[in-house]
>>> print(open('my_file_4.tsv').read())   # TSV, C-alpha atoms
chain	number	residue	atom	x	y	z
A	23	MET	CA	0.00	0.00	0.00
A	24	ALA	CA	1.33	3.42	-0.91
A	25	THR	CA	1.95	5.86	1.91
A	26	LYS	CA	2.36	9.60	2.06
A	27	LYS	CA	4.14	11.67	4.67
A	28	VAL	CA	2.06	14.44	6.26
A	29	THR	CA	2.55	16.95	9.05
A	30	VAL	CA	0.01	17.24	11.86
A	31	THR	CA	-0.10	19.21	15.10
A	32	ILE	CA	-0.87	17.22	18.25
A	33	PRO	CA	-0.92	18.43	21.86
A	34	GLU	CA	2.41	17.52	23.45
A	35	ASP	CA	0.95	15.57	26.37
A	36	LEU	CA	-1.17	13.46	24.01
A	37	LEU	CA	1.82	12.81	21.76
A	38	ASP	CA	3.87	11.63	24.74
A	39	GLU	CA	1.11	9.19	25.74
A	40	ILE	CA	0.73	7.89	22.18
A	41	ARG	CA	4.47	7.40	21.72
A	42	ALA	CA	4.65	5.41	24.94
A	43	GLU	CA	1.73	3.20	23.94
A	44	ALA	CA	2.78	2.80	20.31
A	45	ALA	CA	6.44	2.07	21.04
A	46	GLU	CA	6.87	-1.26	19.23
A	47	ARG	CA	4.37	-0.60	16.43
A	48	GLY	CA	5.61	2.90	15.79
A	49	LEU	CA	3.81	6.20	15.79
A	50	SER	CA	2.76	6.06	12.13
A	51	ALA	CA	1.16	2.63	12.52
A	52	TYR	CA	-0.66	3.77	15.64
A	53	VAL	CA	-1.99	6.93	14.00
A	54	ALA	CA	-3.02	5.08	10.81
A	55	GLU	CA	-4.93	2.54	12.89
A	56	ALA	CA	-6.62	5.28	14.94
A	57	LEU	CA	-7.64	7.16	11.79
A	58	ARG	CA	-9.10	4.01	10.21
A	59	PHE	CA	-11.00	3.33	13.42
A	60	LYS	CA	-12.40	6.90	13.46
A	61	ARG	CA	-13.28	6.76	9.77
A	62	ASP	CA	-15.11	3.47	10.24
A	63	ARG	CA	-17.04	4.84	13.21
A	64	ASP	CA	-18.01	7.94	11.20
A	65	ARG	CA	-19.27	5.75	8.36
A	66	LEU	CA	-21.23	3.63	10.81
A	67	ARG	CA	-22.82	6.79	12.28
A	68	GLU	CA	-23.80	7.94	8.77
A	69	LEU	CA	-25.37	4.56	8.05
A	70	SER	CA	-27.19	4.59	11.37
A	71	ASP	CA	-28.57	8.07	10.72
A	72	TRP	CA	-29.72	7.10	7.24
A	73	LEU	CA	-31.38	3.90	8.49
A	74	GLN	CA	-33.24	5.85	11.17
A	75	GLU	CA	-34.48	8.32	8.57
A	76	GLU	CA	-35.64	5.48	6.34
A	77	HIS	CA	-37.01	3.05	8.92
A	78	GLY	CA	-37.51	4.94	12.17
A	79	SER	CA	-35.72	4.73	15.48
A	80	LEU	CA	-34.34	1.50	16.88
A	81	THR	CA	-36.15	-0.42	19.56
A	82	GLU	CA	-34.29	-0.93	22.83
A	83	ALA	CA	-33.70	-4.59	21.89
A	84	GLU	CA	-32.22	-3.57	18.52
A	85	ARG	CA	-30.02	-0.96	20.20
A	86	THR	CA	-28.77	-3.51	22.75
A	87	ALA	CA	-27.99	-6.04	20.02
A	88	ALA	CA	-26.10	-3.42	18.01
A	89	PHE	CA	-23.95	-2.42	20.99
A	90	GLU	CA	-23.21	-6.06	21.75
A	91	GLU	CA	-22.06	-6.58	18.18
A	92	LEU	CA	-19.88	-3.47	18.37
A	93	GLU	CA	-18.29	-4.80	21.55
A	94	GLU	CA	-17.54	-8.08	19.77
A	95	LEU	CA	-15.99	-6.20	16.85
A	96	ASP	CA	-13.90	-4.10	19.21
A	97	ALA	CA	-12.72	-7.25	20.99
A	98	GLU	CA	-11.74	-8.84	17.67
A	99	HIS	CA	-9.92	-5.64	16.69
A	100	GLU	CA	-8.00	-5.76	19.97
A	101	ARG	CA	-7.14	-9.46	19.51
A	102	ARG	CA	-5.76	-8.75	16.04
A	103	ARG	CA	-3.81	-5.74	17.27
A	104	ALA	CA	-2.31	-7.77	20.11
A	105	ALA	CA	-1.40	-10.55	17.68
A	106	GLY	CA	0.36	-8.05	15.40
A	107	THR	CA	-2.07	-8.32	12.49
A	108	HIS	CA	-3.19	-4.71	12.51
A	109	GLY	CA	-2.74	-3.81	8.86
A	110	ALA	CA	-1.02	-0.90	7.18
A	111	GLY	CA	1.45	1.49	8.67
A	112	GLU	CA	3.91	-1.03	10.14
A	113	ALA	CA	6.83	0.45	8.27
A	114	ALA	CA	6.72	3.59	10.40
>>> encode(input="my_file_4.tsv", output="structure tokens")
Amino acid sequence: MATKKVTVTIPEDLLDEIRAEAAERGLSAYVAEALRFKRDRDRLRELSDWLQEEHGSLTEAERTAAFEELEELDAEHERRRAAGTHGAGEAA
């Protein structure tokens, strides 16, 4: 996958925390993963909003089921990250 170098401004205290947590993976891999995660959540929110417009609000049971599925997806994401299969950005 092609990459491109960019410059961003991050609060110093946050950068220190991220560097400490991302040590082995590298800062670029950590940031790429975080951006993908945010992008995916934004897309999910857009889909959710559209579905509510088209079909009405969720029932409490539907909402509970959706949050349970999200928790499962987050757990799988964490398992993959811990196993070192977290995708692009490793070269950083």
>>> closest_residue(input="my_file_4.tsv", among="A:Leu92, A:Leu69, A:Ala104, A:Ala54", to="Lys26 in chain A", atoms="only C-alpha atoms")
A:Ala54
>>> residues_around(input="my_file_4.tsv", residues="range 58-64 of chain A", least_positions_apart="4", cutoff="10 Å", atoms="all atoms listed in the file", output="PDB file with C-alpha atoms, in the frame of the given file")
ATOM      1  CA  VAL A  53      -1.990   6.930  14.000  1.00  0.00           C
ATOM      2  CA  ALA A  54      -3.020   5.080  10.810  1.00  0.00           C
ATOM      3  CA  GLU A  68     -23.800   7.940   8.770  1.00  0.00           C
ATOM      4  CA  LEU A  69     -25.370   4.560   8.050  1.00  0.00           C
ATOM      5  CA  SER A  70     -27.190   4.590  11.370  1.00  0.00           C
ATOM      6  CA  ASP A  96     -13.900  -4.100  19.210  1.00  0.00           C
ATOM      7  CA  HIS A  99      -9.920  -5.640  16.690  1.00  0.00           C
ATOM      8  CA  ALA A 110      -1.020  -0.900   7.180  1.00  0.00           C
TER       9      ALA A 110
END
>>> closest_residue(input="my_file_4.tsv", among="A:Leu66, A:Leu37, A:Leu95, A:Val28", to="Tyr52 in chain A", atoms="all atoms listed in the file")
A:Leu37
>>> atom_distance(input="my_file_4.tsv", atom1="CA of Leu36 in chain A", atom2="CA of Ala56 in chain A")
13.4 Å
>>> atom_distance(input="my_file_4.tsv", atom1="CA of Ala51 in chain A", atom2="CA of Thr29 in chain A")
14.8 Å
>>> atom_distance(input="my_file_4.tsv", atom1="CA of Ser50 in chain A", atom2="CA of Thr25 in chain A")
10.3 Å
>>> axis_aligned_box(input="my_file_4.tsv", around="range 65-76 of chain A", padding_each_side="4 Å", output="JSON")
{"center_x": -27.5, "center_y": 6.0, "center_z": 9.3, "size_x": 24.4, "size_y": 12.7, "size_z": 13.9}
